[in-house]
file data04.tsv (TSV, C-alpha atoms)
chain	number	residue	atom	x	y	z
A	271	MET	CA	-5.41	-0.35	-19.64
A	272	ILE	CA	-5.39	0.28	-15.88
A	273	ARG	CA	-4.66	-2.87	-13.87
A	274	SER	CA	-4.75	-3.57	-10.16
A	275	GLU	CA	-3.62	-6.34	-7.86
A	276	ASN	CA	-7.28	-7.05	-7.13
A	277	ASP	CA	-8.09	-8.13	-10.68
A	278	THR	CA	-9.93	-11.45	-10.65
A	279	ALA	CA	-9.08	-14.60	-12.56
A	280	GLU	CA	-11.77	-13.70	-15.06
A	281	GLN	CA	-9.69	-10.74	-16.17
A	282	SER	CA	-6.73	-12.89	-17.20
A	283	HIS	CA	-8.54	-13.59	-20.48
A	284	PRO	CA	-7.82	-11.48	-23.58
A	285	ALA	CA	-9.38	-8.03	-23.41
A	286	PRO	CA	-13.11	-8.21	-24.26
A	287	PRO	CA	-14.61	-5.99	-27.00
A	288	LEU	CA	-16.05	-3.56	-24.42
A	289	ALA	CA	-12.71	-3.02	-22.64
A	290	GLY	CA	-11.86	0.12	-24.62
A	291	LEU	CA	-15.02	1.90	-23.49
A	292	VAL	CA	-14.39	0.80	-19.92
A	293	ASP	CA	-10.88	2.28	-20.04
A	294	GLU	CA	-12.18	5.51	-21.54
A	295	TYR	CA	-14.75	5.84	-18.76
A	296	LEU	CA	-12.12	5.17	-16.09
A	297	ARG	CA	-10.04	8.02	-17.49
A	298	VAL	CA	-13.08	10.29	-17.23
A	299	LEU	CA	-13.48	9.29	-13.56
A	300	VAL	CA	-9.89	10.29	-12.86
A	301	ASN	CA	-9.50	13.41	-15.01
A	302	GLU	CA	-12.94	15.01	-14.73
A	303	ARG	CA	-14.40	13.72	-11.49
A	304	GLY	CA	-11.26	13.30	-9.42
A	305	SER	CA	-12.28	9.85	-8.23
A	306	SER	CA	-10.10	8.25	-5.57
A	307	ALA	CA	-7.81	5.30	-6.21
A	308	HIS	CA	-10.20	3.10	-4.18
A	309	THR	CA	-13.15	4.10	-6.39
A	310	MET	CA	-11.09	3.50	-9.51
A	311	ARG	CA	-10.12	0.00	-8.46
A	312	ALA	CA	-13.72	-0.86	-7.61
A	313	TYR	CA	-15.15	0.47	-10.89
A	314	GLN	CA	-12.44	-1.19	-12.94
A	315	ARG	CA	-13.04	-4.53	-11.26
A	316	GLU	CA	-16.84	-4.41	-11.63
A	317	LEU	CA	-16.90	-3.15	-15.23
A	318	MET	CA	-14.17	-5.46	-16.49
A	319	ASN	CA	-15.89	-8.45	-14.88
A	320	PHE	CA	-19.09	-7.43	-16.67
A	321	ALA	CA	-17.25	-6.96	-19.98
A	322	VAL	CA	-15.63	-10.40	-19.68
A	323	HIS	CA	-18.99	-11.97	-18.82
A	324	MET	CA	-20.60	-10.42	-21.90
A	325	ALA	CA	-17.78	-11.64	-24.16
A	326	GLN	CA	-18.01	-15.18	-22.81
A	327	ARG	CA	-21.79	-15.58	-22.53
A	328	TYR	CA	-22.85	-13.44	-25.51
A	329	PRO	CA	-19.97	-13.60	-28.04
A	330	ALA	CA	-22.23	-12.28	-30.80
A	331	ILE	CA	-22.65	-8.98	-28.95
A	332	ASN	CA	-19.58	-6.95	-29.85
A	333	SER	CA	-21.11	-3.50	-29.48
A	334	VAL	CA	-22.33	-1.81	-26.31
A	335	ASP	CA	-25.51	-0.50	-27.97
A	336	LYS	CA	-26.71	-4.08	-28.42
A	337	ILE	CA	-26.77	-4.82	-24.69
A	338	GLU	CA	-30.25	-5.05	-23.15
A	339	HIS	CA	-31.30	-4.81	-19.53
A	340	LEU	CA	-32.19	-8.51	-19.42
A	341	GLN	CA	-28.55	-9.40	-20.06
A	342	ILE	CA	-27.48	-7.20	-17.17
A	343	ARG	CA	-30.01	-9.00	-14.96
A	344	VAL	CA	-28.54	-12.33	-16.03
A	345	TYR	CA	-25.07	-11.11	-15.09
A	346	LEU	CA	-26.24	-10.10	-11.60
A	347	GLY	CA	-27.95	-13.45	-11.21
A	348	VAL	CA	-24.74	-15.25	-12.08
A	349	GLN	CA	-22.87	-13.24	-9.44
A	350	LEU	CA	-25.43	-14.17	-6.78
A	351	GLU	CA	-25.19	-17.84	-7.79
A	352	ARG	CA	-21.43	-17.64	-7.31
A	353	GLY	CA	-21.95	-16.54	-3.73
A	354	LEU	CA	-21.60	-12.79	-4.12
A	355	SER	CA	-23.55	-10.96	-1.43
A	356	LYS	CA	-26.53	-8.76	-2.27
A	357	ALA	CA	-24.55	-5.70	-1.17
A	358	SER	CA	-21.68	-6.57	-3.53
A	359	THR	CA	-24.14	-7.26	-6.35
A	360	ALA	CA	-25.76	-3.88	-5.74
A	361	ARG	CA	-22.34	-2.21	-5.98
A	362	ALA	CA	-21.70	-4.00	-9.26
A	363	LEU	CA	-25.02	-2.74	-10.63
A	364	ALA	CA	-24.22	0.81	-9.44
A	365	ALA	CA	-20.96	0.75	-11.42
A	366	ILE	CA	-22.71	-0.57	-14.53
A	367	ARG	CA	-25.45	2.06	-14.23
A	368	SER	CA	-22.88	4.82	-13.90
A	369	TRP	CA	-21.04	3.53	-16.97
A	370	PHE	CA	-24.21	3.34	-19.06
A	371	LYS	CA	-25.22	6.82	-17.94
A	372	TRP	CA	-21.93	8.09	-19.36
A	373	LEU	CA	-22.40	5.98	-22.51
A	374	ALA	CA	-25.82	7.54	-23.06
A	375	ARG	CA	-24.55	11.05	-22.43
A	376	THR	CA	-21.74	10.61	-24.95
A	377	GLY	CA	-24.02	9.09	-27.59
A	378	ARG	CA	-22.72	5.53	-27.51
A	379	VAL	CA	-26.15	4.19	-26.55
A	380	GLU	CA	-29.66	5.61	-26.86
A	381	GLN	CA	-30.65	5.04	-23.26
A	382	ASN	CA	-29.30	3.82	-19.96
A	383	VAL	CA	-30.68	0.28	-20.03
A	384	ALA	CA	-29.03	-0.45	-16.68
A	385	SER	CA	-31.49	1.94	-15.04
A	386	LEU	CA	-34.26	-0.57	-15.88
A	387	VAL	CA	-32.64	-3.20	-13.63
A	388	ALA	CA	-33.88	-3.22	-10.03
A	389	THR	CA	-31.35	-3.06	-7.23
A	390	PRO	CA	-31.29	-6.19	-5.05
A	391	LYS	CA	-33.13	-5.62	-1.77
A	392	LEU	CA	-30.60	-5.16	0.97
A	393	PRO	CA	-31.07	-5.90	4.65
A	394	LYS	CA	-30.84	-2.76	6.75
A	395	HIS	CA	-27.70	-2.94	8.84
A	396	LEU	CA	-27.26	-0.08	11.26
A	397	PRO	CA	-23.65	0.71	12.07
A	398	ARG	CA	-22.64	-0.04	15.65
A	399	VAL	CA	-21.64	3.30	17.08
A	400	PRO	CA	-19.66	3.61	20.34
A	401	SER	CA	-21.19	5.81	23.01
A	402	ILE	CA	-19.89	9.29	23.78
A	403	GLU	CA	-18.27	7.93	26.95
A	404	GLN	CA	-16.56	5.13	25.01
A	405	MET	CA	-15.23	7.51	22.38
A	406	ASN	CA	-13.90	9.93	24.99
A	407	ARG	CA	-12.13	7.06	26.75
A	408	VAL	CA	-10.50	5.90	23.51
A	409	VAL	CA	-9.38	9.33	22.30
A	410	ASP	CA	-8.13	10.43	25.71
A	411	SER	CA	-5.99	7.33	26.28
A	412	VAL	CA	-3.68	7.13	23.26
A	413	GLU	CA	-0.45	6.12	24.99
A	414	ASP	CA	2.70	4.11	24.31
A	415	ASP	CA	1.00	0.77	24.97
A	416	ALA	CA	-1.47	1.36	22.14
A	417	ALA	CA	0.41	3.57	19.70
A	418	SER	CA	3.75	3.57	17.90
A	419	TRP	CA	3.71	7.39	17.74
A	420	PRO	CA	1.27	8.54	20.43
A	421	ALA	CA	1.21	12.26	19.54
A	422	ARG	CA	0.48	11.51	15.87
A	423	ASP	CA	-2.05	8.78	16.59
A	424	LYS	CA	-3.94	10.93	19.11
A	425	ALA	CA	-4.16	13.73	16.53
A	426	ILE	CA	-5.50	11.21	14.00
A	427	LEU	CA	-8.25	10.04	16.36
A	428	GLU	CA	-9.10	13.60	17.33
A	429	LEU	CA	-9.61	14.58	13.68
A	430	LEU	CA	-11.53	11.46	12.70
A	431	TYR	CA	-13.93	11.76	15.63
A	432	GLY	CA	-13.74	15.49	16.32
A	433	CYS	CA	-14.16	16.56	12.68
A	434	GLY	CA	-15.97	13.56	11.18
A	435	ILE	CA	-13.69	13.37	8.14
A	436	ARG	CA	-13.15	10.29	6.00
A	437	ASN	CA	-9.99	8.22	6.16
A	438	ALA	CA	-8.90	9.30	2.65
A	439	GLU	CA	-9.63	12.94	3.52
A	440	LEU	CA	-7.44	12.64	6.60
A	441	THR	CA	-4.45	11.12	4.81
A	442	GLY	CA	-4.80	13.71	2.03
A	443	LEU	CA	-4.43	16.65	4.41
A	444	ASN	CA	-1.46	18.96	3.94
A	445	LEU	CA	0.10	21.39	6.40
A	446	ARG	CA	-1.42	24.35	4.57
A	447	ASP	CA	-4.92	22.91	5.03
A	448	ILE	CA	-4.86	23.76	8.73
A	449	HIS	CA	-6.37	27.26	8.97
A	450	TRP	CA	-5.38	28.22	12.48
A	451	GLY	CA	-6.79	31.73	12.24
A	452	ASN	CA	-10.23	30.47	11.27
A	453	GLU	CA	-10.04	27.46	13.61
A	454	ALA	CA	-10.88	25.18	10.68
A	455	ILE	CA	-9.38	22.64	8.33
A	456	LEU	CA	-9.82	22.53	4.57
A	457	VAL	CA	-10.97	19.06	3.57
A	458	ARG	CA	-10.96	17.67	0.04
A	459	GLY	CA	-13.83	15.23	-0.26
A	460	LYS	CA	-15.14	12.99	-2.99
A	461	GLY	CA	-14.94	14.40	-6.50
A	462	LYS	CA	-12.42	17.05	-5.39
A	463	LYS	CA	-15.16	18.89	-3.51
A	464	GLN	CA	-13.78	21.09	-0.73
A	465	ARG	CA	-15.31	22.07	2.58
A	466	LEU	CA	-14.16	23.83	5.74
A	467	VAL	CA	-14.67	21.84	8.92
A	468	PRO	CA	-14.39	23.45	12.37
A	469	LEU	CA	-11.29	22.51	14.33
A	470	GLY	CA	-12.22	21.97	17.97
A	471	ASP	CA	-9.99	22.88	20.89
A	472	ALA	CA	-9.07	19.26	21.70
A	473	ALA	CA	-8.16	18.51	18.09
A	474	ALA	CA	-6.15	21.74	17.84
A	475	ARG	CA	-4.15	20.88	20.98
A	476	ALA	CA	-3.44	17.38	19.68
A	477	LEU	CA	-2.36	18.75	16.31
A	478	ARG	CA	0.04	21.29	17.86
A	479	ALA	CA	1.63	18.59	20.01
A	480	TYR	CA	2.04	16.32	17.00
A	481	LEU	CA	3.43	19.06	14.75
A	482	THR	CA	6.14	19.84	17.31
A	483	GLU	CA	7.25	16.18	17.27
A	484	ARG	CA	6.84	15.98	13.49
A	485	SER	CA	9.21	18.89	12.97
A	486	ALA	CA	11.74	17.49	15.43
A	487	ARG	CA	11.76	14.07	13.75
A	488	LEU	CA	12.23	15.55	10.28
A	489	VAL	CA	15.04	17.82	11.34
A	490	GLY	CA	16.64	15.06	13.40
A	491	LYS	CA	16.72	12.64	10.47
A	492	PHE	CA	17.12	14.88	7.44
A	493	GLY	CA	18.09	18.31	8.69
A	494	SER	CA	16.36	20.97	6.63
A	495	LYS	CA	16.29	18.68	3.59
A	496	GLY	CA	13.17	16.78	4.53
A	497	SER	CA	11.37	19.47	6.47
A	498	ASP	CA	9.42	20.76	3.46
A	499	THR	CA	7.19	17.72	2.86
A	500	PRO	CA	3.62	19.00	2.51
A	501	ALA	CA	1.91	15.93	4.00
A	502	LEU	CA	0.36	16.51	7.43
A	503	PHE	CA	0.44	12.95	8.73
A	504	LEU	CA	3.69	11.07	8.16
A	505	SER	CA	4.62	7.42	8.47
A	506	LEU	CA	6.73	6.38	11.43
A	507	GLN	CA	9.71	5.54	9.20
A	508	LEU	CA	9.32	8.76	7.15
A	509	ARG	CA	9.63	6.67	3.99
A	510	GLY	CA	10.18	8.71	0.84
A	511	VAL	CA	10.90	11.99	2.60
A	512	GLY	CA	13.92	13.69	1.09
A	513	LYS	CA	13.60	11.83	-2.20
A	514	PRO	CA	12.23	13.36	-5.43
A	515	GLY	CA	8.44	13.21	-5.23
A	516	GLY	CA	8.56	11.56	-1.81
A	517	GLU	CA	6.31	12.85	0.95
A	518	GLY	CA	6.31	10.15	3.62
A	519	ARG	CA	2.53	10.42	3.72
A	520	LEU	CA	0.65	7.99	5.95
A	521	THR	CA	-1.61	5.55	4.06
A	522	THR	CA	-5.29	4.85	4.69
A	523	ARG	CA	-4.41	1.23	5.48
A	524	SER	CA	-2.01	2.37	8.20
A	525	VAL	CA	-4.69	4.66	9.66
A	526	GLY	CA	-7.06	1.71	9.78
A	527	ARG	CA	-4.53	-0.34	11.74
A	528	ILE	CA	-3.87	2.55	14.14
A	529	VAL	CA	-7.56	3.07	14.89
A	530	LYS	CA	-8.28	-0.64	15.34
A	531	ARG	CA	-5.32	-1.21	17.67
A	532	VAL	CA	-6.17	1.69	19.98
A	533	ALA	CA	-9.89	0.89	19.97
A	534	ILE	CA	-9.45	-2.80	20.79
A	535	LEU	CA	-6.98	-2.13	23.59
A	536	ARG	CA	-9.49	0.31	25.08
A	537	GLY	CA	-12.35	-2.16	25.09
A	538	LEU	CA	-14.19	-1.53	21.81
A	539	SER	CA	-15.22	-4.31	19.42
A	540	ALA	CA	-12.85	-5.66	16.79
A	541	ASP	CA	-14.98	-4.32	13.91
A	542	VAL	CA	-14.04	-0.70	14.65
A	543	HIS	CA	-12.48	1.15	11.73
A	544	PRO	CA	-11.94	4.83	10.80
A	545	HIS	CA	-15.46	5.16	9.37
A	546	THR	CA	-16.85	4.08	12.74
A	547	LEU	CA	-15.51	7.33	14.18
A	548	ARG	CA	-17.21	9.27	11.38
A	549	HIS	CA	-20.51	7.57	12.22
A	550	ALA	CA	-19.95	8.38	15.89
A	551	PHE	CA	-19.31	12.04	14.99
A	552	GLY	CA	-22.64	12.37	13.16
A	553	THR	CA	-24.63	10.31	15.63
A	554	HIS	CA	-23.37	12.14	18.69
A	555	LEU	CA	-24.01	15.54	17.10
A	556	LEU	CA	-27.59	14.47	16.42
A	557	GLU	CA	-28.00	13.11	19.95
A	558	GLU	CA	-26.89	16.45	21.34
A	559	GLY	CA	-29.43	18.37	19.27
A	560	ALA	CA	-27.55	19.40	16.12
A	561	ASP	CA	-29.58	20.19	13.01
A	562	LEU	CA	-29.54	17.45	10.38
A	563	ARG	CA	-28.61	19.86	7.58
A	564	ALA	CA	-25.70	21.20	9.60
A	565	ILE	CA	-24.49	17.64	10.07
A	566	GLN	CA	-24.86	17.12	6.32
A	567	GLU	CA	-22.55	20.07	5.65
A	568	LEU	CA	-20.00	18.93	8.21
A	569	LEU	CA	-19.89	15.40	6.82
A	570	GLY	CA	-19.77	16.57	3.22
A	571	HIS	CA	-22.78	14.51	2.15
A	572	GLU	CA	-24.19	15.45	-1.23
A	573	ARG	CA	-27.66	14.20	-0.30
A	574	LEU	CA	-29.56	14.71	2.92
A	575	SER	CA	-30.86	11.15	2.61
A	576	THR	CA	-27.33	9.89	3.30
A	577	THR	CA	-27.16	11.93	6.48
A	578	GLN	CA	-30.61	10.74	7.52
A	579	ARG	CA	-29.17	7.28	8.12
A	580	TYR	CA	-28.07	8.64	11.48
A	581	THR	CA	-31.68	9.29	12.51
A	582	GLN	CA	-32.23	5.53	12.57
A	583	LEU	CA	-29.83	5.36	15.48
A	584	THR	CA	-31.83	7.73	17.69
A	585	THR	CA	-35.41	6.51	17.29
A	586	SER	CA	-35.89	6.33	21.06
A	587	GLN	CA	-34.96	9.99	21.34
A	588	LEU	CA	-37.45	10.97	18.65
A	589	GLU	CA	-40.17	8.99	20.41
A	590	ALA	CA	-39.36	10.72	23.68
A	591	VAL	CA	-39.59	14.16	22.03
A	592	TYR	CA	-42.90	13.21	20.39
A	593	ASP	CA	-44.40	11.90	23.65
A	594	LYS	CA	-43.34	15.04	25.46
A	595	THR	CA	-44.37	17.69	22.95
A	596	HIS	CA	-47.17	16.55	20.63
A	597	PRO	CA	-50.68	17.26	21.89
A	598	ARG	CA	-52.06	13.99	20.49
A	599	ALA	CA	-49.40	11.92	22.21
A	600	ARG	CA	-50.84	12.57	25.67
call {"tool": "encode", "arguments": {"input": "data04.tsv", "output": "structure tokens"}}
result
Amino acid sequence: MIRSENDTAEQSHPAPPLAGLVDEYLRVLVNERGSSAHTMRAYQRELMNFAVHMAQRYPAINSVDKIEHLQIRVYLGVQLERGLSKASTARALAAIRSWFKWLARTGRVEQNVASLVATPKLPKHLPRVPSIEQMNRVVDSVEDDAASWPARDKAILELLYGCGIRNAELTGLNLRDIHWGNEAILVRGKGKKQRLVPLGDAAARALRAYLTERSARLVGKFGSKGSDTPALFLSLQLRGVGKPGGEGRLTTRSVGRIVKRVAILRGLSADVHPHTLRHAFGTHLLEEGADLRAIQELLGHERLSTTQRYTQLTTSQLEAVYDKTHPRAR
């Protein structure tokens, strides 16, 4: 059974009867859907908590096909009573729904009873997006006072904001994914889906400057031995490079720290993280007149409804366009 350091105290009990089906589903997520390690940890935590709850509250139910939607509602209610937020409860329900969908498809249950459970109503929180001027100031001022490796960290910010890629997509980039001839980068998104994202001039310049230093550091420390690591972005200490299976790849957690440090020192709020730059990418494209479907392709969103979240950030612009152009507005 897959375990993580985030397992809760509930999961210290003996494995519940449903644990085998949870493990089987987790293997499907990895092998068939290419789910990320973050997704795996989240699904494991939510589904194992649910399995433990069922074993403790309904010991007579030892088969998944005996679970009814009312019992799932009880579980969500218990989580809310324990102080879990509505957003976290909604994520728990999403994991359970996904699991039951797979159970129904594989014939373990007749129907997805989790689909009968309503999602808790969530308050609409719009992400705080820095202005174009703020983002330019941050990206243009990555220097020694705000970065441990300025050339690398500037390239990171340029790609996050200039290409709108996710943190995990950034850290997963390899040298061969930079298509200089096409002025694009090959990005591997969720579920192993690939897309080509344009590489702007500023990002290209930052990447070339970083790659020069990257090569010099590798050769300086390892000679030719460590110069063949495929990872694009490397850790400052080059940990693992030169060892069997070692790449020295930068982690998503490290990228988060890099972004936050630079942003705070340049006057942005403390809640800035890599995804903030992705939001800024989409929002600023929309503000400058980009088509929503083009933004959808660039961001790698499966559904247009996900991309449409950005339209909530530019209501004043839409009102201005309406007032100026619609004959009934005058």
call {"tool": "atom_distance", "arguments": {"input": "data04.tsv", "atom1": "CA of Val292 in chain A", "atom2": "CA of Gly442 in chain A"}}
result
27.2 Å
call {"tool": "residues_around", "arguments": {"input": "data04.tsv", "residues": "range 499-510 of chain A", "least_positions_apart": "3", "cutoff": "12 Å", "atoms": "all atoms listed in the file", "output": "ChimeraX atom specification"}}
result
/A:417-427,429,437-448,455,477-478,480-485,487-492,494-496,513-525,528
call {"tool": "atom_distance", "arguments": {"input": "data04.tsv", "atom1": "CA of Phe370 in chain A", "atom2": "CA of Glu338 in chain A"}}
result
11.1 Å
call {"tool": "closest_residue", "arguments": {"input": "data04.tsv", "among": "A:Asn301, A:Ile337, A:Gly526, A:Arg548", "to": "Leu373 in chain A", "atoms": "only C-alpha atoms"}}
result
A:Ile337
call {"tool": "atom_distance", "arguments": {"input": "data04.tsv", "atom1": "CA of Arg465 in chain A", "atom2": "CA of Arg527 in chain A"}}
result
26.5 Å
call {"tool": "closest_residue", "arguments": {"input": "data04.tsv", "among": "A:Ala325, A:Ala365, A:Ala473, A:Met318", "to": "Asp410 in chain A", "atoms": "only C-alpha atoms"}}
result
A:Ala473
call {"tool": "closest_residue", "arguments": {"input": "data04.tsv", "among": "A:Lys530, A:Ala474, A:Glu403, A:Asp335", "to": "Glu428 in chain A", "atoms": "all atoms listed in the file"}}
result
A:Ala474
call {"tool": "residues_around", "arguments": {"input": "data04.tsv", "residues": "Val379 in chain A", "least_positions_apart": "2", "cutoff": "12 Å", "atoms": "all atoms listed in the file", "output": "CSV table (one decimal) with C-alpha atoms, keeping the file's coordinate frame"}}
result
chain,number,residue,atom,x,y,z
A,291,LEU,CA,-15.0,1.9,-23.5
A,333,SER,CA,-21.1,-3.5,-29.5
A,334,VAL,CA,-22.3,-1.8,-26.3
A,335,ASP,CA,-25.5,-0.5,-28.0
A,336,LYS,CA,-26.7,-4.1,-28.4
A,337,ILE,CA,-26.8,-4.8,-24.7
A,338,GLU,CA,-30.2,-5.0,-23.2
A,369,TRP,CA,-21.0,3.5,-17.0
A,370,PHE,CA,-24.2,3.3,-19.1
A,371,LYS,CA,-25.2,6.8,-17.9
A,372,TRP,CA,-21.9,8.1,-19.4
A,373,LEU,CA,-22.4,6.0,-22.5
A,374,ALA,CA,-25.8,7.5,-23.1
A,375,ARG,CA,-24.6,11.0,-22.4
A,376,THR,CA,-21.7,10.6,-25.0
A,377,GLY,CA,-24.0,9.1,-27.6
A,381,GLN,CA,-30.6,5.0,-23.3
A,382,ASN,CA,-29.3,3.8,-20.0
A,383,VAL,CA,-30.7,0.3,-20.0
A,384,ALA,CA,-29.0,-0.4,-16.7
call {"tool": "decode", "arguments": {"input": "data04.tsv", "residues": "range 563-575 of chain A", "atoms": "N, CA and C atoms", "output": "mmCIF file, in the first residue's frame"}}
result
data_model
loop_
_atom_site.group_PDB
_atom_site.id
_atom_site.type_symbol
_atom_site.label_atom_id
_atom_site.label_comp_id
_atom_site.auth_asym_id
_atom_site.auth_seq_id
_atom_site.Cartn_x
_atom_site.Cartn_y
_atom_site.Cartn_z
ATOM 1 N N ARG A 563 -10.234 31.209 -26.057
ATOM 2 C CA ARG A 563 -9.871 29.838 -26.453
ATOM 3 C C ARG A 563 -8.365 29.716 -26.698
ATOM 4 N N ALA A 564 -7.751 30.772 -27.160
ATOM 5 C CA ALA A 564 -6.293 30.745 -27.320
ATOM 6 C C ALA A 564 -5.626 30.647 -25.956
ATOM 7 N N ILE A 565 -6.165 31.384 -24.983
ATOM 8 C CA ILE A 565 -5.627 31.313 -23.623
ATOM 9 C C ILE A 565 -5.818 29.911 -23.063
ATOM 10 N N GLN A 566 -6.961 29.296 -23.368
ATOM 11 C CA GLN A 566 -7.221 27.925 -22.924
ATOM 12 C C GLN A 566 -6.138 26.985 -23.436
ATOM 13 N N GLU A 567 -5.779 27.107 -24.705
ATOM 14 C CA GLU A 567 -4.749 26.243 -25.277
ATOM 15 C C GLU A 567 -3.390 26.498 -24.627
ATOM 16 N N LEU A 568 -3.064 27.751 -24.417
ATOM 17 C CA LEU A 568 -1.770 28.087 -23.836
ATOM 18 C C LEU A 568 -1.637 27.573 -22.400
ATOM 19 N N LEU A 569 -2.735 27.644 -21.651
ATOM 20 C CA LEU A 569 -2.709 27.201 -20.263
ATOM 21 C C LEU A 569 -2.862 25.689 -20.131
ATOM 22 N N GLY A 570 -3.318 25.040 -21.182
ATOM 23 C CA GLY A 570 -3.502 23.597 -21.122
ATOM 24 C C GLY A 570 -4.729 23.188 -20.336
ATOM 25 N N HIS A 571 -5.759 24.054 -20.333
ATOM 26 C CA HIS A 571 -7.003 23.712 -19.645
ATOM 27 C C HIS A 571 -7.835 22.762 -20.499
ATOM 28 N N GLU A 572 -8.352 21.730 -19.873
ATOM 29 C CA GLU A 572 -9.195 20.790 -20.602
ATOM 30 C C GLU A 572 -10.548 21.409 -20.921
ATOM 31 N N ARG A 573 -11.054 22.221 -19.987
ATOM 32 C CA ARG A 573 -12.379 22.829 -20.157
ATOM 33 C C ARG A 573 -12.264 24.344 -20.255
ATOM 34 N N LEU A 574 -13.064 24.917 -21.134
ATOM 35 C CA LEU A 574 -13.074 26.368 -21.278
ATOM 36 C C LEU A 574 -13.590 27.033 -20.005
ATOM 37 N N SER A 575 -14.451 26.335 -19.275
ATOM 38 C CA SER A 575 -15.007 26.908 -18.047
ATOM 39 C C SER A 575 -13.903 27.233 -17.040
#
